[in-house]
file final.cif (mmCIF, C-alpha atoms and all ligand atoms)
data_final
#
loop_
_atom_site.label_atom_id
_atom_site.label_comp_id
_atom_site.auth_asym_id
_atom_site.auth_seq_id
_atom_site.Cartn_x
_atom_site.Cartn_y
_atom_site.Cartn_z
CA MET A 18 -21.98 38.19 -11.42
CA ALA A 19 -20.58 35.65 -9.02
CA LEU A 20 -19.38 32.35 -10.46
CA VAL A 21 -21.84 29.48 -9.95
CA VAL A 22 -21.55 25.73 -10.54
CA GLU A 23 -23.54 26.01 -13.76
CA ASP A 24 -20.88 28.36 -15.16
CA ILE A 25 -18.17 25.78 -14.49
CA ILE A 26 -20.23 23.07 -16.20
CA ALA A 27 -21.06 25.31 -19.18
CA ARG A 28 -17.41 26.20 -19.72
CA CYS A 29 -16.32 22.57 -19.63
CA LYS A 30 -19.15 21.51 -21.96
CA ALA A 31 -18.13 24.19 -24.45
CA ALA A 32 -14.50 23.04 -24.23
CA VAL A 33 -15.48 19.42 -24.91
CA GLY A 34 -17.04 20.56 -28.19
CA GLU A 35 -13.71 21.96 -29.40
CA HIS A 36 -11.26 20.23 -31.74
CA THR A 37 -8.83 19.33 -28.91
CA PRO A 38 -11.12 18.91 -25.89
CA ALA A 39 -8.50 18.18 -23.23
CA LEU A 40 -6.47 21.25 -24.18
CA ALA A 41 -9.59 23.40 -24.31
CA VAL A 42 -10.57 22.15 -20.84
CA ARG A 43 -7.03 22.95 -19.67
CA ASP A 44 -7.48 26.53 -20.86
CA ALA A 45 -10.86 26.78 -19.11
CA LEU A 46 -9.41 25.42 -15.85
CA ASP A 47 -6.40 27.74 -16.11
CA GLU A 48 -8.84 30.65 -15.91
CA LEU A 49 -11.05 29.11 -13.22
CA VAL A 50 -8.30 28.11 -10.78
CA ALA A 51 -6.75 31.57 -11.03
CA ASP A 52 -9.63 32.79 -8.85
CA GLN A 53 -9.65 30.56 -5.76
CA ALA A 54 -12.14 32.78 -3.93
CA ALA A 55 -14.69 32.49 -6.76
CA LEU A 56 -14.41 28.68 -6.77
CA ASP A 57 -14.66 28.50 -2.97
CA HIS A 58 -17.80 30.61 -3.18
CA ALA A 59 -19.33 28.57 -6.02
CA LEU A 60 -18.49 25.14 -4.60
CA GLY A 61 -18.64 25.81 -0.88
CA PRO A 62 -16.07 25.28 1.82
CA VAL A 63 -14.19 21.99 2.24
CA GLU A 64 -14.61 20.46 5.67
CA LEU A 65 -13.79 16.84 4.87
CA GLY A 66 -12.06 14.96 2.10
CA GLY A 67 -14.25 13.45 -0.60
CA ILE A 68 -15.46 13.45 -4.18
CA THR A 69 -18.38 15.65 -5.21
CA ALA A 70 -19.82 15.09 -8.69
CA LEU A 71 -20.79 18.38 -10.32
CA HIS A 72 -21.66 16.82 -13.69
CA ASN A 73 -21.71 13.24 -14.97
CA ALA A 74 -22.54 12.33 -18.57
CA ALA A 75 -21.26 9.89 -21.21
CA ASP A 76 -18.80 12.41 -22.65
CA LEU A 77 -17.89 14.52 -19.62
CA THR A 78 -17.53 14.17 -15.85
CA ILE A 79 -16.68 17.08 -13.56
CA LEU A 80 -15.71 16.43 -9.96
CA ARG A 81 -14.61 18.55 -7.05
CA VAL A 82 -12.04 16.40 -5.24
CA ALA A 83 -10.74 17.28 -1.78
CA TRP A 84 -7.85 15.16 -0.51
CA THR A 85 -7.61 14.95 3.28
CA PRO A 86 -4.20 15.85 4.74
CA GLY A 87 -2.05 12.74 4.97
CA MET A 88 -4.08 10.66 2.53
CA ALA A 89 -2.75 8.79 -0.49
CA LEU A 90 -4.78 7.17 -3.27
CA TYR A 91 -3.26 4.00 -4.75
CA PRO A 92 -2.28 3.82 -8.44
CA HIS A 93 -5.17 3.80 -10.89
CA GLU A 94 -5.98 4.53 -14.51
CA HIS A 95 -8.91 6.42 -16.03
CA ARG A 96 -8.98 5.16 -19.67
CA MET A 97 -10.02 8.66 -20.73
CA TRP A 98 -8.25 12.01 -20.71
CA ALA A 99 -8.33 13.94 -17.48
CA VAL A 100 -7.51 17.51 -16.52
CA ILE A 101 -6.81 18.45 -12.89
CA GLY A 102 -7.03 22.09 -11.84
CA MET A 103 -5.75 22.77 -8.32
CA TYR A 104 -7.34 25.65 -6.47
CA GLY A 105 -6.19 24.88 -2.94
CA GLY A 106 -3.29 23.02 -1.42
CA GLN A 107 -1.11 20.61 -3.36
CA GLU A 108 -1.43 17.16 -4.97
CA ASP A 109 1.69 15.02 -5.34
CA ASN A 110 1.18 12.87 -8.43
CA ALA A 111 3.31 9.77 -9.02
CA PHE A 112 3.24 8.12 -12.46
CA TYR A 113 3.68 4.46 -13.40
CA ARG A 114 4.12 2.18 -16.39
CA ARG A 115 2.74 -1.32 -16.71
CA SER A 116 5.47 -3.93 -16.29
CA PRO A 117 5.50 -7.76 -16.21
CA GLY A 118 5.30 -7.74 -12.40
CA GLY A 119 2.53 -5.11 -12.28
CA LEU A 120 3.85 -1.55 -12.37
CA GLU A 121 7.08 0.37 -12.34
CA PRO A 122 7.46 4.00 -11.21
CA ALA A 123 7.75 6.57 -13.99
CA GLY A 124 8.31 9.94 -12.36
CA GLY A 125 6.04 12.36 -10.64
CA LYS A 126 4.70 15.88 -10.51
CA GLU A 127 3.76 18.20 -7.67
CA VAL A 128 0.63 20.11 -8.65
CA ARG A 129 0.23 23.32 -6.68
CA GLN A 130 -2.57 25.81 -6.22
CA GLY A 131 -3.20 27.48 -9.59
CA ASP A 132 -1.59 24.63 -11.59
CA VAL A 133 -3.43 22.60 -14.23
CA LEU A 134 -2.30 19.08 -15.16
CA VAL A 135 -3.43 17.26 -18.34
CA LEU A 136 -3.34 13.42 -18.24
CA GLY A 137 -3.63 11.29 -21.39
CA ASP A 138 -5.97 8.30 -21.76
CA ASP A 139 -3.37 5.72 -20.75
CA VAL A 140 -1.88 7.45 -17.71
CA ILE A 141 -1.53 5.46 -14.46
CA HIS A 142 -1.06 7.65 -11.40
CA SER A 143 -1.33 7.78 -7.64
CA VAL A 144 -2.09 10.91 -5.68
CA ALA A 145 -0.96 11.99 -2.22
CA ASN A 146 -1.62 15.00 -0.05
CA THR A 147 1.45 15.34 2.16
CA ARG A 148 0.50 18.83 3.33
CA ARG A 149 -1.30 19.99 6.47
CA ASN A 150 -4.22 21.50 4.56
CA PHE A 151 -6.79 20.05 2.16
CA ALA A 152 -5.76 19.63 -1.48
CA VAL A 153 -8.74 20.83 -3.50
CA ALA A 154 -9.16 20.54 -7.25
CA LEU A 155 -11.55 20.37 -10.15
CA HIS A 156 -11.09 17.02 -11.93
CA VAL A 157 -12.54 16.95 -15.45
CA TYR A 158 -12.72 13.68 -17.44
CA GLY A 159 -13.50 13.08 -21.11
CA GLY A 160 -16.09 10.38 -20.44
CA ASP A 161 -18.25 8.76 -17.79
CA PHE A 162 -15.83 8.49 -14.88
CA PHE A 163 -18.16 6.29 -12.84
CA SER A 164 -19.07 3.67 -15.47
CA VAL A 165 -15.92 2.93 -17.45
CA GLU A 166 -14.21 -0.30 -16.45
CA ARG A 167 -10.64 0.19 -15.43
CA SER A 168 -7.91 -0.98 -13.09
CA GLU A 169 -6.31 0.09 -9.88
CA TRP A 170 -3.20 -1.35 -8.24
CA ASP A 171 -2.27 -2.13 -4.66
CA ILE A 172 -0.04 0.69 -3.40
CA ASP A 173 2.48 -1.75 -1.86
CA THR A 174 2.44 -4.85 -4.07
CA TYR A 175 1.37 -3.22 -7.39
CA GLU A 176 -1.08 -6.08 -7.85
CA GLU A 177 -3.72 -5.15 -10.45
CA ARG A 178 -7.40 -5.33 -9.53
CA PRO A 179 -10.67 -3.88 -10.87
CA ARG A 180 -11.57 -0.33 -9.86
CA ASP A 181 -13.50 -0.35 -6.60
CA PHE A 182 -15.25 2.84 -5.53
CA ALA A 183 -16.21 1.38 -2.15
CA ARG A 184 -12.51 0.91 -1.41
CA THR A 185 -11.84 4.53 -2.41
CA GLN A 186 -14.66 5.70 -0.16
CA ARG A 187 -13.22 3.75 2.78
CA LEU A 188 -9.86 5.43 2.13
CA PHE A 189 -11.53 8.86 2.41
CA ASP A 190 -13.50 7.80 5.50
CA ASP A 191 -10.38 6.51 7.27
CA ALA A 192 -8.37 9.64 6.37
CA ASN A 193 -11.20 11.90 7.54
CA THR A 194 -11.48 10.05 10.84
CA ARG A 195 -7.73 10.34 11.42
CA TRP A 196 -7.86 14.03 10.52
CA ARG A 197 -10.74 14.78 12.89
CA ASN A 198 -9.11 12.87 15.75
CA GLN A 199 -5.95 14.92 15.29
CA GLY A 200 -7.86 18.19 15.38
FE FE B 1 -6.88 9.79 -11.08
#
call {"tool": "encode", "arguments": {"input": "final.cif", "output": "C-alpha cells"}}
result
Amino acid sequence: MALVVEDIIARCKAAVGEHTPALAVRDALDELVADQAALDHALGPVELGGITALHNAADLTILRVAWTPGMALYPHEHRMWAVIGMYGGQEDNAFYRRSPGGLEPAGGKEVRQGDVLVLGDDVIHSVANTRRNFAVALHVYGGDFFSVERSEWDIDTYEERPRDFARTQRLFDDANTRWRNQG
C-alpha cells in the first residue's frame, strides 16, 4: 500500500503518545525520510517554497516545509520541541543564544536529505537554503505551532519582535518570485 498523508499523521500521533514524544517522532521520521519517493508521492511535488499544514492540533502540528533556493528565514524560537526530517535538498541551521544585546551565534548544523534533527523547547534557530534545489522537510512540533506566542529576531540587527506569519509569508513570496524570474 502506498504511503498517504493519513499514515504520516497516524505515525506522529502514535509517537506523541509515547513516554519521550520528541524521540519517538524522531524514530518515525527516520523511517519516513528514508523513502523520499514515498513522501513525494504522498505529499505531491514541490513547485514553490511554502508551508503546508498536514495536521494542526493543541498537542501536535505537522508541516511540509519547502524552502526556495536562496532563501533564509530569520532567527526564531518555537517554545515547543520540534523534529525536522529532511527528504529533499539541504537546510543549513544556525543556532543562537539570547544575550543582553539580543542574540549571539551558537553554532550550526547542515541537515541533509535523510537526516532528522531534534530541537528542544528553548532552541533559537535560523534556516537557509543555499542550494540550487528546494529543501523539503517534514516539520513536526509538540504543540500548536500557529497559536503559541513566541519571538523572532531581525536577521541583521538581532532585534527581538513578536512572531509574524505575514512577514514569513512575504519572505516565501519574494523568494519564489526571484526563483521564477531566474528560471
Ligand atoms: Fe523553526
call {"tool": "residues_around", "arguments": {"input": "final.cif", "residues": "Arg149 in chain A", "least_positions_apart": "3", "cutoff": "10 Å", "atoms": "only C-alpha atoms", "output": "list in words"}}
result
Thr85, Pro86, Gly87, Gly106, Gln107, Asn146, Ala152 and Trp196 of chain A
call {"tool": "atom_distance", "arguments": {"input": "final.cif", "atom1": "CA of Val42 in chain A", "atom2": "CA of Glu23 in chain A"}}
result
15.3 Å
call {"tool": "residues_near_ligand", "arguments": {"input": "final.cif", "ligand": "ligand FE 1 (chain B)", "cutoff": "7 Å", "atoms": "only C-alpha atoms and all ligand atoms", "output": "number ranges by chain"}}
result
A: 93-95, 142-143
call {"tool": "closest_residue", "arguments": {"input": "final.cif", "among": "A:His58, A:Lys30, A:His72, A:Arg129", "to": "Phe151 in chain A", "atoms": "only C-alpha atoms"}}
result
A:Arg129
call {"tool": "closest_residue", "arguments": {"input": "final.cif", "among": "A:Ala145, A:Met88, A:Ala154, A:Leu136", "to": "Arg187 in chain A", "atoms": "all atoms listed in the file"}}
result
A:Met88
call {"tool": "closest_residue", "arguments": {"input": "final.cif", "among": "A:Ala39, A:Ala89, A:Ala83, A:Val50", "to": "Gly137 in chain A", "atoms": "all atoms listed in the file"}}
result
A:Ala39
call {"tool": "axis_aligned_box", "arguments": {"input": "final.cif", "around": "range 188-195 of chain A", "padding_each_side": "5 Å", "output": "lines of an AutoDock Vina configuration file"}}
result
center_x = -10.6
center_y = 8.7
center_z = 6.8
size_x = 15.8
size_y = 16.5
size_z = 19.3
call {"tool": "closest_residue", "arguments": {"input": "final.cif", "among": "A:Leu155, A:Ala41, A:Leu120, A:Met97", "to": "Ala70 in chain A", "atoms": "all atoms listed in the file"}}
result
A:Leu155
call {"tool": "residues_around", "arguments": {"input": "final.cif", "residues": "Gly118 in chain A", "least_positions_apart": "3", "cutoff": "10 Å", "atoms": "only C-alpha atoms", "output": "ChimeraX atom specification"}}
result
/A:115,121,174-177
call {"tool": "closest_residue", "arguments": {"input": "final.cif", "among": "A:Asp173, A:Pro92, A:Ala123, A:Gly105", "to": "Val144 in chain A", "atoms": "only C-alpha atoms"}}
result
A:Pro92
call {"tool": "residues_around", "arguments": {"input": "final.cif", "residues": "Thr185 in chain A", "least_positions_apart": "4", "cutoff": "8 Å", "atoms": "all atoms listed in the file", "output": "PDB file with C-alpha atoms, keeping the file's coordinate frame"}}
result
ATOM      1  CA  LEU A  90      -4.780   7.170  -3.270  1.00  0.00           C
ATOM      2  CA  ASP A 181     -13.500  -0.350  -6.600  1.00  0.00           C
ATOM      3  CA  PHE A 189     -11.530   8.860   2.410  1.00  0.00           C
TER       4      PHE A 189
END
call {"tool": "atom_distance", "arguments": {"input": "final.cif", "atom1": "CA of Ala51 in chain A", "atom2": "CA of Thr69 in chain A"}}
result
20.6 Å
call {"tool": "atom_distance", "arguments": {"input": "final.cif", "atom1": "CA of Arg167 in chain A", "atom2": "CA of Trp98 in chain A"}}
result
13.2 Å
call {"tool": "closest_residue", "arguments": {"input": "final.cif", "among": "A:Leu46, A:Ala54, A:Ala59, A:Ile141", "to": "Val21 in chain A", "atoms": "all atoms listed in the file"}}
result
A:Ala59
call {"tool": "residues_around", "arguments": {"input": "final.cif", "residues": "Ile68 in chain A", "least_positions_apart": "6", "cutoff": "8 Å", "atoms": "only C-alpha atoms", "output": "list of chain:residue names"}}
result
A:Leu80, A:Arg81, A:Val82, A:Ala83
call {"tool": "build_atoms", "arguments": {"input": "final.cif", "residues": "range 95-112 of chain A", "atoms": "N, CA, C and O atoms", "output": "PDB file, in the coordinates of the input"}}
result
ATOM      1  N   HIS A  95      -7.579   5.875 -15.747  1.00  0.00           N
ATOM      2  CA  HIS A  95      -8.910   6.420 -16.030  1.00  0.00           C
ATOM      3  C   HIS A  95      -9.487   5.889 -17.346  1.00  0.00           C
ATOM      4  O   HIS A  95     -10.684   5.846 -17.527  1.00  0.00           O
ATOM      5  N   ARG A  96      -8.591   5.573 -18.306  1.00  0.00           N
ATOM      6  CA  ARG A  96      -8.980   5.160 -19.670  1.00  0.00           C
ATOM      7  C   ARG A  96      -9.768   6.238 -20.386  1.00  0.00           C
ATOM      8  O   ARG A  96     -10.638   5.971 -21.213  1.00  0.00           O
ATOM      9  N   MET A  97      -9.466   7.475 -20.048  1.00  0.00           N
ATOM     10  CA  MET A  97     -10.020   8.660 -20.730  1.00  0.00           C
ATOM     11  C   MET A  97      -9.119   9.821 -20.324  1.00  0.00           C
ATOM     12  O   MET A  97      -8.422   9.733 -19.305  1.00  0.00           O
ATOM     13  N   TRP A  98      -9.087  10.878 -21.123  1.00  0.00           N
ATOM     14  CA  TRP A  98      -8.250  12.010 -20.710  1.00  0.00           C
ATOM     15  C   TRP A  98      -8.806  12.644 -19.442  1.00  0.00           C
ATOM     16  O   TRP A  98     -10.012  12.541 -19.152  1.00  0.00           O
ATOM     17  N   ALA A  99      -7.927  13.279 -18.716  1.00  0.00           N
ATOM     18  CA  ALA A  99      -8.330  13.940 -17.480  1.00  0.00           C
ATOM     19  C   ALA A  99      -7.549  15.247 -17.352  1.00  0.00           C
ATOM     20  O   ALA A  99      -6.398  15.337 -17.800  1.00  0.00           O
ATOM     21  N   VAL A 100      -8.186  16.244 -16.774  1.00  0.00           N
ATOM     22  CA  VAL A 100      -7.510  17.510 -16.520  1.00  0.00           C
ATOM     23  C   VAL A 100      -7.789  17.881 -15.064  1.00  0.00           C
ATOM     24  O   VAL A 100      -8.943  17.882 -14.620  1.00  0.00           O
ATOM     25  N   ILE A 101      -6.711  18.138 -14.317  1.00  0.00           N
ATOM     26  CA  ILE A 101      -6.810  18.450 -12.890  1.00  0.00           C
ATOM     27  C   ILE A 101      -6.428  19.913 -12.698  1.00  0.00           C
ATOM     28  O   ILE A 101      -5.338  20.319 -13.104  1.00  0.00           O
ATOM     29  N   GLY A 102      -7.303  20.678 -12.113  1.00  0.00           N
ATOM     30  CA  GLY A 102      -7.030  22.090 -11.840  1.00  0.00           C
ATOM     31  C   GLY A 102      -7.039  22.326 -10.343  1.00  0.00           C
ATOM     32  O   GLY A 102      -8.086  22.268  -9.700  1.00  0.00           O
ATOM     33  N   MET A 103      -5.847  22.589  -9.775  1.00  0.00           N
ATOM     34  CA  MET A 103      -5.750  22.770  -8.320  1.00  0.00           C
ATOM     35  C   MET A 103      -6.170  24.189  -7.947  1.00  0.00           C
ATOM     36  O   MET A 103      -5.671  25.146  -8.525  1.00  0.00           O
ATOM     37  N   TYR A 104      -7.033  24.297  -6.958  1.00  0.00           N
ATOM     38  CA  TYR A 104      -7.340  25.650  -6.470  1.00  0.00           C
ATOM     39  C   TYR A 104      -7.132  25.791  -4.964  1.00  0.00           C
ATOM     40  O   TYR A 104      -7.408  26.854  -4.403  1.00  0.00           O
ATOM     41  N   GLY A 105      -6.596  24.772  -4.335  1.00  0.00           N
ATOM     42  CA  GLY A 105      -6.190  24.880  -2.940  1.00  0.00           C
ATOM     43  C   GLY A 105      -5.237  23.760  -2.596  1.00  0.00           C
ATOM     44  O   GLY A 105      -5.417  22.634  -3.060  1.00  0.00           O
ATOM     45  N   GLY A 106      -4.215  24.057  -1.844  1.00  0.00           N
ATOM     46  CA  GLY A 106      -3.290  23.020  -1.420  1.00  0.00           C
ATOM     47  C   GLY A 106      -2.464  22.458  -2.560  1.00  0.00           C
ATOM     48  O   GLY A 106      -2.269  23.115  -3.585  1.00  0.00           O
ATOM     49  N   GLN A 107      -2.021  21.230  -2.390  1.00  0.00           N
ATOM     50  CA  GLN A 107      -1.110  20.610  -3.360  1.00  0.00           C
ATOM     51  C   GLN A 107      -1.343  19.109  -3.460  1.00  0.00           C
ATOM     52  O   GLN A 107      -1.494  18.442  -2.436  1.00  0.00           O
ATOM     53  N   GLU A 108      -1.378  18.601  -4.686  1.00  0.00           N
ATOM     54  CA  GLU A 108      -1.430  17.160  -4.970  1.00  0.00           C
ATOM     55  C   GLU A 108      -0.049  16.711  -5.422  1.00  0.00           C
ATOM     56  O   GLU A 108       0.512  17.308  -6.331  1.00  0.00           O
ATOM     57  N   ASP A 109       0.456  15.628  -4.826  1.00  0.00           N
ATOM     58  CA  ASP A 109       1.690  15.020  -5.340  1.00  0.00           C
ATOM     59  C   ASP A 109       1.294  13.822  -6.192  1.00  0.00           C
ATOM     60  O   ASP A 109       0.797  12.814  -5.674  1.00  0.00           O
ATOM     61  N   ASN A 110       1.503  13.942  -7.495  1.00  0.00           N
ATOM     62  CA  ASN A 110       1.180  12.870  -8.430  1.00  0.00           C
ATOM     63  C   ASN A 110       2.418  12.018  -8.674  1.00  0.00           C
ATOM     64  O   ASN A 110       3.498  12.557  -8.940  1.00  0.00           O
ATOM     65  N   ALA A 111       2.257  10.697  -8.591  1.00  0.00           N
ATOM     66  CA  ALA A 111       3.310   9.770  -9.020  1.00  0.00           C
ATOM     67  C   ALA A 111       2.784   9.014 -10.230  1.00  0.00           C
ATOM     68  O   ALA A 111       1.600   8.642 -10.268  1.00  0.00           O
ATOM     69  N   PHE A 112       3.651   8.793 -11.227  1.00  0.00           N
ATOM     70  CA  PHE A 112       3.240   8.120 -12.460  1.00  0.00           C
ATOM     71  C   PHE A 112       3.883   6.741 -12.536  1.00  0.00           C
ATOM     72  O   PHE A 112       4.952   6.502 -11.952  1.00  0.00           O
TER      73      PHE A 112
END
